[in-house]
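Structure file query-v9.cif (mmCIF, C-alpha atoms, pLDDT in the B column; chains and numbers go by the auth columns) is printed below.
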```cif
data_start
loop_
_atom_site.group_PDB
_atom_site.id
_atom_site.type_symbol
_atom_site.label_atom_id
_atom_site.label_comp_id
_atom_site.label_asym_id
_atom_site.label_seq_id
_atom_site.Cartn_x
_atom_site.Cartn_y
_atom_site.Cartn_z
_atom_site.B_iso_or_equiv
_atom_site.auth_seq_id
_atom_site.auth_asym_id
ATOM 1 C CA MET A 1 7.484 -1.499 2.012 77.00 965 A
ATOM 2 C CA LEU A 2 8.865 1.657 0.376 75.00 966 A
ATOM 3 C CA ALA A 3 12.373 0.257 0.588 73.00 967 A
ATOM 4 C CA ALA A 4 11.295 -2.743 -1.482 76.00 968 A
ATOM 5 C CA ASP A 5 9.020 -0.743 -3.797 80.00 969 A
ATOM 6 C CA PRO A 6 9.658 3.024 -3.820 74.00 970 A
ATOM 7 C CA GLY A 7 6.621 3.431 -6.074 80.00 971 A
ATOM 8 C CA ALA A 8 4.205 1.747 -3.644 82.00 972 A
ATOM 9 C CA SER A 9 0.813 3.426 -3.577 84.00 973 A
ATOM 10 C CA ILE A 10 -0.844 4.880 -0.492 85.00 974 A
ATOM 11 C CA ALA A 11 -3.489 2.143 -0.810 87.00 975 A
ATOM 12 C CA ASN A 12 -0.801 -0.563 -0.735 88.00 976 A
ATOM 13 C CA ILE A 13 1.021 1.112 2.150 86.00 977 A
ATOM 14 C CA ALA A 14 -2.240 1.384 4.111 87.00 978 A
ATOM 15 C CA ALA A 15 -3.101 -2.258 3.429 90.00 979 A
ATOM 16 C CA GLU A 16 0.372 -3.361 4.582 87.00 980 A
ATOM 17 C CA ALA A 17 -0.061 -1.284 7.756 85.00 981 A
ATOM 18 C CA GLY A 18 -3.486 -2.798 8.326 90.00 982 A
ATOM 19 C CA VAL A 19 -5.360 0.489 8.059 91.00 983 A
ATOM 20 C CA ASP A 20 -7.703 2.098 5.577 90.00 984 A
ATOM 21 C CA ARG A 21 -6.095 4.482 3.090 86.00 985 A
ATOM 22 C CA ARG A 22 -8.335 7.256 4.452 89.00 986 A
ATOM 23 C CA THR A 23 -6.507 6.833 7.760 89.00 987 A
ATOM 24 C CA VAL A 24 -3.212 7.488 6.002 87.00 988 A
ATOM 25 C CA TYR A 25 -4.667 10.502 4.171 88.00 989 A
ATOM 26 C CA ARG A 26 -5.948 11.963 7.452 89.00 990 A
ATOM 27 C CA ARG A 27 -2.378 12.139 8.641 89.00 991 A
ATOM 28 C CA PHE A 28 -0.622 12.840 5.324 89.00 992 A
ATOM 29 C CA ALA A 29 -2.201 14.997 2.625 87.00 993 A
ATOM 30 C CA SER A 30 -0.251 13.268 -0.133 84.00 994 A
ATOM 31 C CA ARG A 31 2.158 10.467 -0.864 80.00 995 A
ATOM 32 C CA GLU A 32 4.933 13.086 -0.977 81.00 996 A
ATOM 33 C CA ASP A 33 4.007 14.244 2.555 86.00 997 A
ATOM 34 C CA LEU A 34 4.234 10.643 3.763 85.00 998 A
ATOM 35 C CA LEU A 35 7.639 10.226 2.107 82.00 999 A
ATOM 36 C CA ALA A 36 8.857 13.513 3.574 83.00 1000 A
ATOM 37 C CA ALA A 37 7.839 12.337 7.061 87.00 1001 A
ATOM 38 C CA ILE A 38 9.633 9.025 6.578 86.00 1002 A
ATOM 39 C CA TYR A 39 12.784 10.725 5.328 86.00 1003 A
ATOM 40 C CA ALA A 40 12.665 13.272 8.158 88.00 1004 A
ATOM 41 C CA ALA A 41 12.394 10.452 10.697 91.00 1005 A
ATOM 42 C CA ARG A 42 15.345 8.617 9.133 91.00 1006 A
ATOM 43 C CA LEU A 43 17.430 11.783 9.097 92.00 1007 A
ATOM 44 C CA ALA A 44 16.584 12.521 12.735 95.00 1008 A
ATOM 45 C CA ALA A 45 17.564 8.947 13.651 96.00 1009 A
ATOM 46 C CA ILE A 46 20.906 9.388 11.852 95.00 1010 A
ATOM 47 C CA GLU A 47 21.556 12.651 13.684 97.00 1011 A
ATOM 48 C CA HIS A 48 20.735 10.982 17.000 98.00 1012 A
ATOM 49 C CA ALA A 49 23.011 8.031 16.146 98.00 1013 A
ATOM 50 C CA ILE A 50 25.902 10.405 15.485 98.00 1014 A
ATOM 51 C CA GLU A 51 25.260 12.351 18.671 98.00 1015 A
ATOM 52 C CA ASP A 52 24.993 9.152 20.724 98.00 1016 A
ATOM 53 C CA ALA A 53 28.312 7.873 19.341 98.00 1017 A
ATOM 54 C CA ARG A 54 30.084 10.912 20.864 98.00 1018 A
ATOM 55 C CA LEU A 55 32.428 11.150 17.871 98.00 1019 A
ATOM 56 C CA ARG A 56 34.244 14.203 19.241 96.00 1020 A
ATOM 57 C CA GLU A 57 34.884 13.104 22.816 96.00 1021 A
ATOM 58 C CA ALA A 58 34.734 9.303 23.169 97.00 1022 A
ATOM 59 C CA PRO A 59 37.857 7.234 22.536 97.00 1023 A
ATOM 60 C CA VAL A 60 38.112 6.722 18.776 97.00 1024 A
ATOM 61 C CA ALA A 61 37.662 2.937 18.764 97.00 1025 A
ATOM 62 C CA VAL A 62 34.651 3.163 21.097 98.00 1026 A
ATOM 63 C CA ALA A 63 33.059 5.977 19.080 98.00 1027 A
ATOM 64 C CA LEU A 64 33.622 4.110 15.802 98.00 1028 A
ATOM 65 C CA HIS A 65 31.932 0.953 17.042 98.00 1029 A
ATOM 66 C CA ARG A 66 29.063 2.872 18.648 98.00 1030 A
ATOM 67 C CA TYR A 67 28.520 4.904 15.459 98.00 1031 A
ATOM 68 C CA VAL A 68 28.520 1.810 13.235 98.00 1032 A
ATOM 69 C CA GLU A 69 26.181 -0.085 15.563 98.00 1033 A
ATOM 70 C CA ASN A 70 23.794 2.880 15.726 98.00 1034 A
ATOM 71 C CA ILE A 71 23.742 3.411 11.960 97.00 1035 A
ATOM 72 C CA ILE A 72 23.128 -0.277 11.289 97.00 1036 A
ATOM 73 C CA ALA A 73 20.125 -0.065 13.614 97.00 1037 A
ATOM 74 C CA VAL A 74 18.910 3.057 11.763 96.00 1038 A
ATOM 75 C CA ASN A 75 19.384 1.351 8.395 94.00 1039 A
ATOM 76 C CA ARG A 76 17.300 -1.589 9.541 94.00 1040 A
ATOM 77 C CA THR A 77 14.585 0.550 11.120 92.00 1041 A
ATOM 78 C CA TRP A 78 14.389 3.063 8.249 89.00 1042 A
ATOM 79 C CA PRO A 79 15.583 1.138 5.153 85.00 1043 A
ATOM 80 C CA VAL A 80 14.786 3.973 2.720 80.00 1044 A
ATOM 81 C CA ASP A 81 17.392 5.935 0.801 74.00 1045 A
ATOM 82 C CA LEU A 82 17.648 9.656 1.509 71.00 1046 A
ATOM 83 C CA ALA A 83 18.895 10.321 -2.023 74.00 1047 A
ATOM 84 C CA ARG A 84 15.352 10.991 -3.262 69.00 1048 A
ATOM 85 C CA MET A 85 14.933 13.824 -0.760 71.00 1049 A
ATOM 86 C CA LEU A 86 18.265 15.548 -1.406 74.00 1050 A
ATOM 87 C CA ALA A 87 16.576 17.978 -3.780 75.00 1051 A
ATOM 88 C CA ASP A 88 15.151 19.604 -0.633 78.00 1052 A
ATOM 89 C CA ASP A 89 17.746 22.147 0.534 84.00 1053 A
ATOM 90 C CA SER A 90 17.021 21.699 4.243 83.00 1054 A
ATOM 91 C CA VAL A 91 17.285 17.905 4.010 84.00 1055 A
ATOM 92 C CA ARG A 92 20.531 18.195 2.041 86.00 1056 A
ATOM 93 C CA ALA A 93 21.947 20.681 4.572 90.00 1057 A
ATOM 94 C CA ARG A 94 21.156 18.348 7.480 90.00 1058 A
ATOM 95 C CA ARG A 95 22.594 15.338 5.644 89.00 1059 A
ATOM 96 C CA ASP A 96 25.720 17.303 4.677 91.00 1060 A
ATOM 97 C CA ALA A 97 26.224 18.359 8.314 95.00 1061 A
ATOM 98 C CA SER A 98 26.077 14.698 9.364 94.00 1062 A
ATOM 99 C CA VAL A 99 28.579 13.741 6.662 93.00 1063 A
ATOM 100 C CA ARG A 100 30.943 16.523 7.794 95.00 1064 A
ATOM 101 C CA GLU A 101 30.710 15.328 11.397 97.00 1065 A
ATOM 102 C CA VAL A 102 31.648 11.774 10.386 97.00 1066 A
ATOM 103 C CA ASP A 103 34.424 12.998 8.061 96.00 1067 A
ATOM 104 C CA THR A 104 35.887 15.055 10.921 97.00 1068 A
ATOM 105 C CA PHE A 105 35.757 11.962 13.117 98.00 1069 A
ATOM 106 C CA LEU A 106 37.476 9.822 10.461 97.00 1070 A
ATOM 107 C CA ARG A 107 40.273 12.405 10.201 96.00 1071 A
ATOM 108 C CA ARG A 108 40.624 12.190 13.982 97.00 1072 A
ATOM 109 C CA ALA A 109 40.736 8.390 13.722 97.00 1073 A
ATOM 110 C CA THR A 110 43.535 8.707 11.152 96.00 1074 A
ATOM 111 C CA GLU A 111 45.469 11.268 13.213 95.00 1075 A
ATOM 112 C CA GLU A 112 45.227 9.015 16.269 96.00 1076 A
ATOM 113 C CA GLY A 113 46.470 6.012 14.281 94.00 1077 A
ATOM 114 C CA LEU A 114 43.314 3.882 14.217 95.00 1078 A
ATOM 115 C CA LEU A 115 42.993 4.309 10.440 95.00 1079 A
ATOM 116 C CA ARG A 116 45.936 4.055 8.079 93.00 1080 A
ATOM 117 C CA SER A 117 47.223 7.341 6.693 93.00 1081 A
ATOM 118 C CA GLY A 118 48.169 7.672 3.044 92.00 1082 A
ATOM 119 C CA LEU A 119 44.865 6.424 1.658 92.00 1083 A
ATOM 120 C CA PRO A 120 43.153 8.477 -1.042 94.00 1084 A
ATOM 121 C CA GLN A 121 41.259 11.493 0.328 91.00 1085 A
ATOM 122 C CA GLY A 122 37.787 10.465 1.473 92.00 1086 A
ATOM 123 C CA TRP A 123 38.350 6.733 1.012 95.00 1087 A
ATOM 124 C CA ALA A 124 37.346 5.718 4.554 95.00 1088 A
ATOM 125 C CA GLY A 125 34.345 8.063 4.371 95.00 1089 A
ATOM 126 C CA ALA A 126 33.196 6.406 1.147 95.00 1090 A
ATOM 127 C CA LEU A 127 33.903 2.848 2.297 96.00 1091 A
ATOM 128 C CA LEU A 128 32.323 2.948 5.754 97.00 1092 A
ATOM 129 C CA PRO A 129 28.720 3.664 4.617 95.00 1093 A
ATOM 130 C CA GLN A 130 28.979 0.878 2.039 96.00 1094 A
ATOM 131 C CA LEU A 131 30.122 -1.605 4.681 97.00 1095 A
ATOM 132 C CA MET A 132 27.327 -0.534 7.036 97.00 1096 A
ATOM 133 C CA HIS A 133 24.763 -0.831 4.242 95.00 1097 A
ATOM 134 C CA LEU A 134 25.956 -4.342 3.395 96.00 1098 A
ATOM 135 C CA ALA A 135 25.892 -5.439 7.020 97.00 1099 A
ATOM 136 C CA SER A 136 22.425 -3.942 7.479 95.00 1100 A
ATOM 137 C CA ARG A 137 20.967 -5.810 4.515 92.00 1101 A
ATOM 138 C CA GLN A 138 23.093 -8.916 4.076 95.00 1102 A
ATOM 139 C CA MET A 139 23.440 -10.019 7.711 96.00 1103 A
ATOM 140 C CA PRO A 140 19.962 -9.681 9.233 95.00 1104 A
ATOM 141 C CA GLU A 141 20.661 -12.587 11.564 97.00 1105 A
ATOM 142 C CA LEU A 142 23.301 -10.538 13.395 97.00 1106 A
ATOM 143 C CA SER A 143 22.356 -7.994 16.020 97.00 1107 A
ATOM 144 C CA PRO A 144 23.464 -4.425 15.270 98.00 1108 A
ATOM 145 C CA ALA A 145 26.332 -4.896 17.750 98.00 1109 A
ATOM 146 C CA GLN A 146 27.478 -8.125 16.091 98.00 1110 A
ATOM 147 C CA ALA A 147 27.185 -6.581 12.626 98.00 1111 A
ATOM 148 C CA ALA A 148 29.191 -3.592 13.871 98.00 1112 A
ATOM 149 C CA ASP A 149 31.926 -6.001 14.997 98.00 1113 A
ATOM 150 C CA VAL A 150 32.164 -7.321 11.415 97.00 1114 A
ATOM 151 C CA VAL A 151 32.107 -3.844 9.848 98.00 1115 A
ATOM 152 C CA VAL A 152 34.709 -2.358 12.177 97.00 1116 A
ATOM 153 C CA ASP A 153 36.985 -5.378 11.810 96.00 1117 A
ATOM 154 C CA THR A 154 36.668 -5.204 8.009 96.00 1118 A
ATOM 155 C CA LEU A 155 37.318 -1.455 7.975 96.00 1119 A
ATOM 156 C CA LEU A 156 40.385 -1.753 10.215 95.00 1120 A
ATOM 157 C CA ARG A 157 41.862 -5.017 8.984 92.00 1121 A
ATOM 158 C CA GLY A 158 40.380 -5.701 5.549 90.00 1122 A
ATOM 159 C CA VAL A 159 39.511 -9.158 4.327 83.00 1123 A
ATOM 160 C CA GLY A 160 42.876 -10.411 3.110 81.00 1124 A
ATOM 161 C CA GLU A 161 45.579 -12.312 4.899 75.00 1125 A
ATOM 162 C CA SER A 162 48.354 -10.120 6.270 63.00 1126 A
#
```

Please rewrite the model in this file as structure tokens.
Amino acid sequence: MLAADPGASIANIAAEAGVDRRTVYRRFASREDLLAAIYAARLAAIEHAIEDARLREAPVAVALHRYVENIIAVNRTWPVDLARMLADDSVRARRDASVREVDTFLRRATEEGLLRSGLPQGWAGALLPQLMHLASRQMPELSPAQAADVVVDTLLRGVGES
């Protein structure tokens, strides 16, 4: 609900969840506390997705597909944007650590020849999240694994004829 309407009230959220708003307030003192819990859960899911992909030790192609599949699943489970929480230093630090881990992996993918060298600095790191976001939202009929196939193929081969 918050993904569709970031300004949704606690009363609306409670109604959508099928509970009384007092039930929500028993668990979360404020709307901001609820949002913080949602963002923390999304961030933890992202960290787990990165860890599960084994970006440092798995073969690059395997790790790339596993990472993309995991993040698509996270995006669908937690479709809220972390940008609103980046004012919180601890959230930003955790998010930045995840970004660094993926950037390190993408450099490894380039060094090992899976990604083309000579692209502008950070291009793959900027493109990959956009592709995963599109697949998460625009292809709900595909499983995360199938959507990952499309994303990885697009990242590695593009969309034009060669």

Which neighbours of Met1096 of chain A fall inside 8 Å, counting all atoms listed in the file, when residues of the same chain fewer than 2 positions from it are skipped, and could you give them as a PyMOL selection string?
chain A and resi 1032+1035-1036+1092-1094+1098-1100+1112+1115

Explicit residues for the PyMOL selection byres ((chain A and resi 1111) around 12) (as a ChimeraX atom specification):
/A:1029-1037,1039-1040,1095-1110,1112-1118

In Å, how far is it from atom CA of Ala979 of chain A to atom CA of Arg995 of chain A?
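Taking atom CA of Ala979 of chain A as the start and atom CA of Arg995 of chain A as the end point, the length is 14.4 Å.
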
Name every residue that the PyMOL selection byres ((chain A and resi 1065-1075) around 9) selects in this structure, writing the answer as an mmCIF file with C-alpha atoms, in the frame of the given file with chains first and numbers rising.
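Heads up, here's the output in out.cif:
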```cif
data_model
loop_
_atom_site.group_PDB
_atom_site.id
_atom_site.type_symbol
_atom_site.label_atom_id
_atom_site.label_comp_id
_atom_site.auth_asym_id
_atom_site.auth_seq_id
_atom_site.Cartn_x
_atom_site.Cartn_y
_atom_site.Cartn_z
ATOM 1 C CA ILE A 1014 25.902 10.405 15.485
ATOM 2 C CA LEU A 1019 32.428 11.150 17.871
ATOM 3 C CA ARG A 1020 34.244 14.203 19.241
ATOM 4 C CA VAL A 1024 38.112 6.722 18.776
ATOM 5 C CA ALA A 1025 37.662 2.937 18.764
ATOM 6 C CA ALA A 1027 33.059 5.977 19.080
ATOM 7 C CA LEU A 1028 33.622 4.110 15.802
ATOM 8 C CA ASP A 1060 25.720 17.303 4.677
ATOM 9 C CA ALA A 1061 26.224 18.359 8.314
ATOM 10 C CA SER A 1062 26.077 14.698 9.364
ATOM 11 C CA VAL A 1063 28.579 13.741 6.662
ATOM 12 C CA ARG A 1064 30.943 16.523 7.794
ATOM 13 C CA GLU A 1076 45.227 9.015 16.269
ATOM 14 C CA GLY A 1077 46.470 6.012 14.281
ATOM 15 C CA LEU A 1078 43.314 3.882 14.217
ATOM 16 C CA LEU A 1079 42.993 4.309 10.440
ATOM 17 C CA ARG A 1080 45.936 4.055 8.079
ATOM 18 C CA SER A 1081 47.223 7.341 6.693
ATOM 19 C CA GLY A 1086 37.787 10.465 1.473
ATOM 20 C CA ALA A 1088 37.346 5.718 4.554
ATOM 21 C CA GLY A 1089 34.345 8.063 4.371
#
```

Residue contacts of segment 999-1004 of chain A (12 Å, only C-alpha atoms) excluding same-chain residues fewer than 2 positions away, as a VMD selection string
chain A and resid 965 to 967 970 to 974 977 988 991 to 997 1006 to 1011 1038 to 1039 1041 to 1052 1054 to 1056 1058 to 1059

Atomic separation - atom CA of Leu1120 of chain A relative to atom CA of Ala1090 of chain A, Å
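Answer for the atom CA of Ala1090 of chain A to atom CA of Leu1120 of chain A separation: 14.2 Å.
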
Using atom CA of Leu1091 of chain A and atom CA of Arg1018 of chain A as the two end points, give the distance in Å to one decimal.
20.6 Å

Padded axis-aligned box of segment 1042-1046 of chain A (6 Å per side), centre and edge lengths, Å, one decimal, as lines of an AutoDock Vina configuration file:
```
center_x = 16.0
center_y = 5.4
center_z = 4.5
size_x = 15.3
size_y = 20.5
size_z = 19.4
```
